[in-house]
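Text of my_file31.cif (mmCIF, C-alpha atoms) as supplied:
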data_final
#
loop_
_atom_site.label_atom_id
_atom_site.label_comp_id
_atom_site.auth_asym_id
_atom_site.auth_seq_id
_atom_site.Cartn_x
_atom_site.Cartn_y
_atom_site.Cartn_z
CA MET A 122 -2.74 3.97 -3.55
CA ILE A 123 -6.18 4.12 -1.96
CA ARG A 124 -8.89 3.70 -4.63
CA ILE A 125 -12.46 4.97 -4.17
CA ALA A 126 -15.34 4.81 -6.66
CA VAL A 127 -17.89 7.62 -6.44
CA ALA A 128 -20.92 5.70 -7.63
CA ASN A 129 -24.70 5.68 -7.77
CA GLN A 130 -26.59 4.43 -10.81
CA LYS A 131 -29.19 7.17 -10.37
CA GLY A 132 -28.38 10.37 -12.25
CA GLY A 133 -28.50 13.86 -10.80
CA VAL A 134 -27.49 12.95 -7.25
CA GLY A 135 -24.28 14.98 -7.18
CA LYS A 136 -21.68 12.33 -8.07
CA THR A 137 -19.49 14.59 -10.19
CA THR A 138 -19.82 17.57 -7.86
CA THR A 139 -18.84 15.31 -4.98
CA ALA A 140 -15.91 13.75 -6.87
CA ILE A 141 -14.50 17.13 -7.94
CA ASN A 142 -14.82 18.85 -4.59
CA VAL A 143 -13.70 15.94 -2.42
CA ALA A 144 -10.67 15.51 -4.71
CA THR A 145 -9.90 19.23 -4.39
CA ALA A 146 -10.33 19.15 -0.61
CA LEU A 147 -8.02 16.14 -0.31
CA ALA A 148 -5.40 17.87 -2.48
CA ALA A 149 -5.70 20.99 -0.32
CA THR A 150 -4.92 18.95 2.80
CA GLY A 151 -1.76 17.50 1.28
CA TRP A 152 -2.90 14.35 -0.49
CA ARG A 153 -1.64 13.60 -4.00
CA VAL A 154 -4.86 12.85 -5.84
CA LEU A 155 -5.75 11.21 -9.15
CA LEU A 156 -9.32 11.75 -10.40
CA VAL A 157 -10.46 9.38 -13.16
CA ASP A 158 -13.43 10.60 -15.22
CA LEU A 159 -15.37 7.51 -16.35
CA ASP A 160 -18.54 9.33 -17.43
CA PRO A 161 -18.86 9.83 -21.23
CA GLN A 162 -20.42 13.24 -20.53
CA GLY A 163 -17.04 14.35 -19.18
CA ASN A 164 -18.49 16.70 -16.59
CA ALA A 165 -15.68 16.12 -14.10
CA SER A 166 -13.15 17.08 -16.78
CA THR A 167 -15.11 20.21 -17.70
CA GLY A 168 -15.61 21.09 -14.05
CA LEU A 169 -11.84 21.13 -13.58
CA GLY A 170 -11.34 23.43 -16.56
CA ILE A 171 -9.94 20.82 -18.97
CA HIS A 172 -11.16 21.72 -22.47
CA GLN A 173 -11.83 19.17 -25.20
CA ALA A 174 -8.70 20.19 -27.10
CA GLU A 175 -6.57 19.25 -24.09
CA ARG A 176 -8.00 15.73 -23.90
CA VAL A 177 -5.57 14.15 -26.35
CA ARG A 178 -5.61 10.91 -24.38
CA SER A 179 -8.51 9.92 -22.17
CA SER A 180 -9.99 7.20 -19.99
CA TYR A 181 -11.31 5.65 -23.22
CA ASP A 182 -7.78 5.20 -24.57
CA LEU A 183 -6.62 3.86 -21.22
CA LEU A 184 -9.38 1.24 -20.95
CA LEU A 185 -8.87 0.05 -24.52
CA GLY A 186 -5.11 -0.17 -24.06
CA GLU A 187 -4.34 2.49 -26.66
CA CYS A 188 -2.14 4.44 -24.23
CA GLY A 189 -0.39 3.96 -20.93
CA LEU A 190 -1.35 5.51 -17.62
CA ALA A 191 1.34 8.20 -17.77
CA ASP A 192 0.14 9.34 -21.22
CA ALA A 193 -3.48 9.71 -20.08
CA VAL A 194 -2.79 11.85 -17.00
CA ILE A 195 -3.33 15.62 -17.18
CA ALA A 196 -2.12 18.00 -14.49
CA THR A 197 -4.92 20.34 -13.39
CA ARG A 198 -4.58 23.91 -12.15
CA ILE A 199 -5.01 22.62 -8.62
CA PRO A 200 -1.72 21.60 -6.98
CA ARG A 201 -1.44 17.84 -6.28
CA LEU A 202 -4.59 17.03 -8.29
CA ASP A 203 -4.19 15.10 -11.56
CA LEU A 204 -6.94 14.01 -13.93
CA ILE A 205 -7.61 11.30 -16.48
CA ALA A 206 -10.19 13.05 -18.62
CA SER A 207 -13.20 11.68 -20.46
CA THR A 208 -14.32 12.17 -24.06
CA PRO A 209 -17.57 11.21 -25.83
CA ASP A 210 -15.70 8.19 -27.29
CA LEU A 211 -16.16 6.59 -23.90
CA SER A 212 -19.84 6.01 -24.68
CA GLY A 213 -18.76 3.30 -27.13
CA ALA A 214 -16.45 1.57 -24.68
CA GLU A 215 -19.26 -0.51 -23.19
CA ILE A 216 -19.67 -2.28 -26.54
CA GLU A 217 -16.01 -2.36 -27.56
CA LEU A 218 -14.83 -3.87 -24.29
CA VAL A 219 -17.13 -6.88 -24.65
CA ASP A 220 -14.57 -8.64 -26.88
CA PHE A 221 -11.65 -8.00 -24.49
CA GLU A 222 -10.30 -10.57 -22.08
CA GLN A 223 -10.60 -9.49 -18.45
CA ARG A 224 -12.87 -6.65 -19.60
CA THR A 225 -13.96 -5.98 -16.02
CA HIS A 226 -10.35 -5.49 -14.86
CA ARG A 227 -9.09 -3.03 -17.48
CA LEU A 228 -8.97 -0.04 -15.13
CA LEU A 229 -7.36 -2.01 -12.31
CA THR A 230 -4.67 -3.35 -14.64
CA ALA A 231 -3.88 0.17 -15.88
CA LEU A 232 -3.68 1.63 -12.37
CA GLU A 233 -1.31 -1.12 -11.25
CA THR A 234 1.32 0.42 -13.55
CA ALA A 235 1.38 3.63 -11.49
CA PRO A 236 4.84 4.42 -10.07
CA PRO A 237 4.97 3.67 -6.33
CA GLY A 238 4.12 6.77 -4.31
CA LYS A 239 2.97 8.81 -7.32
CA TRP A 240 -0.52 9.31 -5.85
CA ASP A 241 -1.91 8.73 -2.38
CA ILE A 242 -5.49 8.27 -3.52
CA ALA A 243 -7.53 7.78 -6.71
CA LEU A 244 -11.20 8.74 -7.10
CA PHE A 245 -13.33 7.34 -9.93
CA ASP A 246 -16.27 9.46 -11.13
CA CYS A 247 -18.72 6.84 -12.42
CA PRO A 248 -21.50 7.27 -14.99
CA PRO A 249 -25.16 7.07 -13.88
CA SER A 250 -25.52 3.39 -14.76
CA LEU A 251 -24.37 -0.04 -13.63
CA GLY A 252 -22.70 -0.93 -16.93
CA LEU A 253 -19.17 -2.02 -17.78
CA LEU A 254 -17.61 1.36 -16.96
CA THR A 255 -19.01 1.39 -13.43
CA LEU A 256 -18.13 -2.29 -13.09
CA ASN A 257 -14.50 -1.51 -13.97
CA ALA A 258 -14.49 1.19 -11.30
CA MET A 259 -15.93 -1.14 -8.66
CA VAL A 260 -13.46 -3.90 -9.50
CA ALA A 261 -10.56 -1.43 -9.27
CA ALA A 262 -11.83 0.27 -6.10
CA GLN A 263 -11.28 -0.79 -2.52
CA SER A 264 -14.36 1.12 -1.38
CA LEU A 265 -17.36 3.16 -2.54
CA LEU A 266 -18.43 6.70 -1.77
CA VAL A 267 -22.15 6.89 -2.52
CA PRO A 268 -23.73 10.35 -2.99
CA LEU A 269 -27.44 10.08 -2.23
CA GLN A 270 -29.96 12.80 -3.04
CA CYS A 271 -32.51 13.33 -0.30
CA GLU A 272 -35.61 12.23 -2.20
CA PHE A 273 -37.82 9.13 -2.25
CA PHE A 274 -36.63 7.59 -5.53
CA ALA A 275 -33.02 7.79 -4.36
CA LEU A 276 -33.78 5.20 -1.68
CA GLU A 277 -34.99 2.77 -4.33
CA GLY A 278 -31.81 3.29 -6.33
CA LEU A 279 -29.68 2.75 -3.24
CA SER A 280 -31.14 -0.71 -2.66
CA GLN A 281 -30.28 -1.66 -6.26
CA LEU A 282 -26.74 -0.38 -5.77
CA LEU A 283 -26.29 -2.42 -2.59
CA GLN A 284 -27.43 -5.55 -4.42
CA THR A 285 -24.92 -4.84 -7.18
CA VAL A 286 -22.13 -4.41 -4.63
CA GLU A 287 -22.96 -7.83 -3.17
CA ARG A 288 -22.79 -9.43 -6.62
CA ILE A 289 -19.45 -7.77 -7.35
CA ARG A 290 -18.09 -8.97 -4.01
CA GLY A 291 -19.16 -12.49 -4.89
CA ARG A 292 -17.70 -12.58 -8.41
CA PHE A 293 -14.92 -10.01 -8.84
CA ASN A 294 -13.84 -8.03 -5.79
CA PRO A 295 -14.46 -9.71 -2.41
CA THR A 296 -12.84 -6.85 -0.47
CA LEU A 297 -15.05 -4.08 -1.88
CA SER A 298 -16.64 -2.09 0.95
CA ILE A 299 -18.87 0.96 1.30
CA LEU A 300 -16.79 3.77 2.74
CA GLY A 301 -19.85 5.89 3.30
CA VAL A 302 -23.07 7.40 1.99
CA ALA A 303 -23.09 11.19 1.59
CA LEU A 304 -26.48 12.93 1.71
CA THR A 305 -26.57 15.59 -1.03
CA MET A 306 -28.93 18.40 -2.10
CA TYR A 307 -30.08 18.64 1.50
CA ASP A 308 -32.81 21.23 2.10
CA ARG A 309 -33.73 21.71 5.75
CA ARG A 310 -36.90 23.55 4.75
CA ASN A 311 -38.23 20.42 3.05
CA ARG A 312 -39.98 17.86 5.24
CA LEU A 313 -39.29 15.04 2.77
CA THR A 314 -35.56 15.75 2.95
CA GLU A 315 -35.58 15.23 6.71
CA GLN A 316 -37.66 12.06 6.37
CA VAL A 317 -35.39 10.52 3.72
CA ALA A 318 -32.28 11.39 5.73
CA GLN A 319 -33.81 9.78 8.82
CA ASP A 320 -34.78 6.64 6.87
CA VAL A 321 -31.29 6.29 5.38
CA ARG A 322 -29.61 6.70 8.77
CA THR A 323 -32.00 4.15 10.31
CA CYS A 324 -31.22 1.68 7.53
CA LEU A 325 -27.46 2.16 7.19
CA GLY A 326 -26.46 3.59 10.56
CA LYS A 327 -22.84 4.72 10.80
CA ALA A 328 -22.27 4.09 7.08
CA VAL A 329 -23.93 7.48 6.49
CA PHE A 330 -21.60 10.47 6.87
CA GLU A 331 -22.57 12.99 9.52
CA THR A 332 -21.83 15.82 7.06
CA VAL A 333 -24.67 16.68 4.67
CA ILE A 334 -24.23 18.65 1.46
CA PRO A 335 -26.81 21.45 1.22
CA ARG A 336 -28.54 22.74 -1.87
CA ASN A 337 -26.33 25.64 -2.85
CA VAL A 338 -26.31 27.90 -5.91
CA ARG A 339 -22.50 28.24 -5.82
CA LEU A 340 -22.10 24.48 -6.27
CA SER A 341 -24.14 24.72 -9.47
CA GLU A 342 -22.35 27.81 -10.76
CA ALA A 343 -18.77 26.63 -10.25
CA PRO A 344 -18.54 24.09 -13.13
CA SER A 345 -19.49 26.75 -15.70
CA HIS A 346 -16.29 28.56 -14.67
CA GLY A 347 -14.19 25.38 -14.92
CA LEU A 348 -13.54 25.44 -11.19
CA PRO A 349 -14.41 23.31 -8.17
CA ALA A 350 -16.70 25.14 -5.75
CA LEU A 351 -13.87 25.11 -3.21
CA ILE A 352 -11.85 27.36 -5.53
CA TYR A 353 -14.78 29.34 -6.97
CA ASP A 354 -16.12 30.33 -3.53
CA HIS A 355 -14.44 28.58 -0.63
CA LYS A 356 -16.67 30.31 1.93
CA CYS A 357 -20.04 29.23 0.53
CA PRO A 358 -22.02 26.61 2.53
CA GLY A 359 -21.45 23.98 -0.17
CA SER A 360 -17.66 24.38 -0.09
CA GLU A 361 -17.57 24.30 3.70
CA ALA A 362 -19.68 21.12 3.65
CA TYR A 363 -17.33 19.40 1.20
CA MET A 364 -14.31 20.33 3.31
CA ALA A 365 -16.06 18.79 6.32
CA LEU A 366 -16.97 15.70 4.28
CA ALA A 367 -13.35 15.30 3.17
CA ARG A 368 -12.15 15.47 6.78
CA GLU A 369 -14.72 12.87 7.78
CA LEU A 370 -13.73 10.68 4.83
CA ILE A 371 -10.04 10.87 5.77
CA GLY A 372 -10.96 9.67 9.24
CA ARG A 373 -12.38 6.49 7.70
CA LEU A 374 -9.34 5.73 5.54
CA PRO A 375 -6.58 3.33 6.58
CA ARG A 376 -3.86 5.95 6.10
CA GLN A 377 -4.23 9.45 7.50
CA LYS A 378 -2.46 12.73 6.94
CA ALA A 379 -1.51 15.04 9.80
CA ALA A 380 -2.58 18.02 7.68
CA ALA A 381 -6.19 16.84 7.75
#

As structure tokens, how would this structure be written, given the file I've shared?
Amino acid sequence: MIRIAVANQKGGVGKTTTAINVATALAATGWRVLLVDLDPQGNASTGLGIHQAERVRSSYDLLLGECGLADAVIATRIPRLDLIASTPDLSGAEIELVDFEQRTHRLLTALETAPPGKWDIALFDCPPSLGLLTLNAMVAAQSLLVPLQCEFFALEGLSQLLQTVERIRGRFNPTLSILGVALTMYDRRNRLTEQVAQDVRTCLGKAVFETVIPRNVRLSEAPSHGLPALIYDHKCPGSEAYMALARELIGRLPRQKAAA
């Protein structure tokens, strides 16, 4: 199972929107996808239409060993897309996990119990921090997908993230790589957007995806309906961009699907 963490410690850069829509696009092209919601706010769970009452078991229970992987998984309305939901309890996990042995490897250990061939790929929607939840995701992941908002402060946050990745490589996960940086909230009318995009491409080169995700009202509206934008309005510019991003992402993965 390919494992990708969608991470950036800066909030409001489109992590959850990216995780939901890339997961949906991958499922639409034939991949069997598991999305793990590691953000205590639970926006990925809400955005897929999973109500609080349905979250009997969550990523919190999984990390603390109170349930097995099979018990935490919820089938979504989207074919081939499963979810491990989040609840507000997860906000306490950072403190509770401190006393656990191998506290940085809890997610990896849980995912290793997955039946062979159950899922082709797992995506981890990380919280906007570099705490123990994000650390678990980075230890469990083989690579990172980094959504980056096209604004000045995002560049500062990216440098911090890259430093964190180097530390994690040195201590916990030497094979962790950056699959790619996705430019989000792109507004061609804004000069700063163009400048930030140019600076990021100059700095990171081919690590930056060619596809950019535009500012789009439909992307903002979709979660309130409990749907990914690709289902809510598959013809809007945001949905088309995420389909293109998914195709580009598949091209960077070690295993490819003919359907893509």

- Using all atoms listed in the file, find the one residue out of A:Thr296, A:Ile125, A:Ile352, A:Val321 that sits nearest to Pro200 (chain A).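 Nearest candidate to Pro200 (chain A) out of A:Thr296, A:Ile125, A:Ile352, A:Val321: A:Ile352.
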
- Item | Test item: the PyMOL selection byres ((chain A and resi 170) around 10) resolved as a PyMOL selection string | chain A and resi 164-169+171-173+175+197-198+344-349

- Message: When the PyMOL selection byres ((chain A and resi 369) around 12) is applied to the structure above, which residues does it catch, written out as a ChimeraX atom specification?
- Response: /A:143,146-147,266,300-303,327-333,362-368,370-374,377,381

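For the pair CA of Thr314 (chain A) and CA of Ser250 (chain A), the interatomic distance is 23.8 Å.
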
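Distances from A:Gln270, A:Ser360, A:Ser180, A:Gln316 to Leu304 (chain A) were compared using all atoms listed in the file, and the smallest one belongs to A:Gln270.
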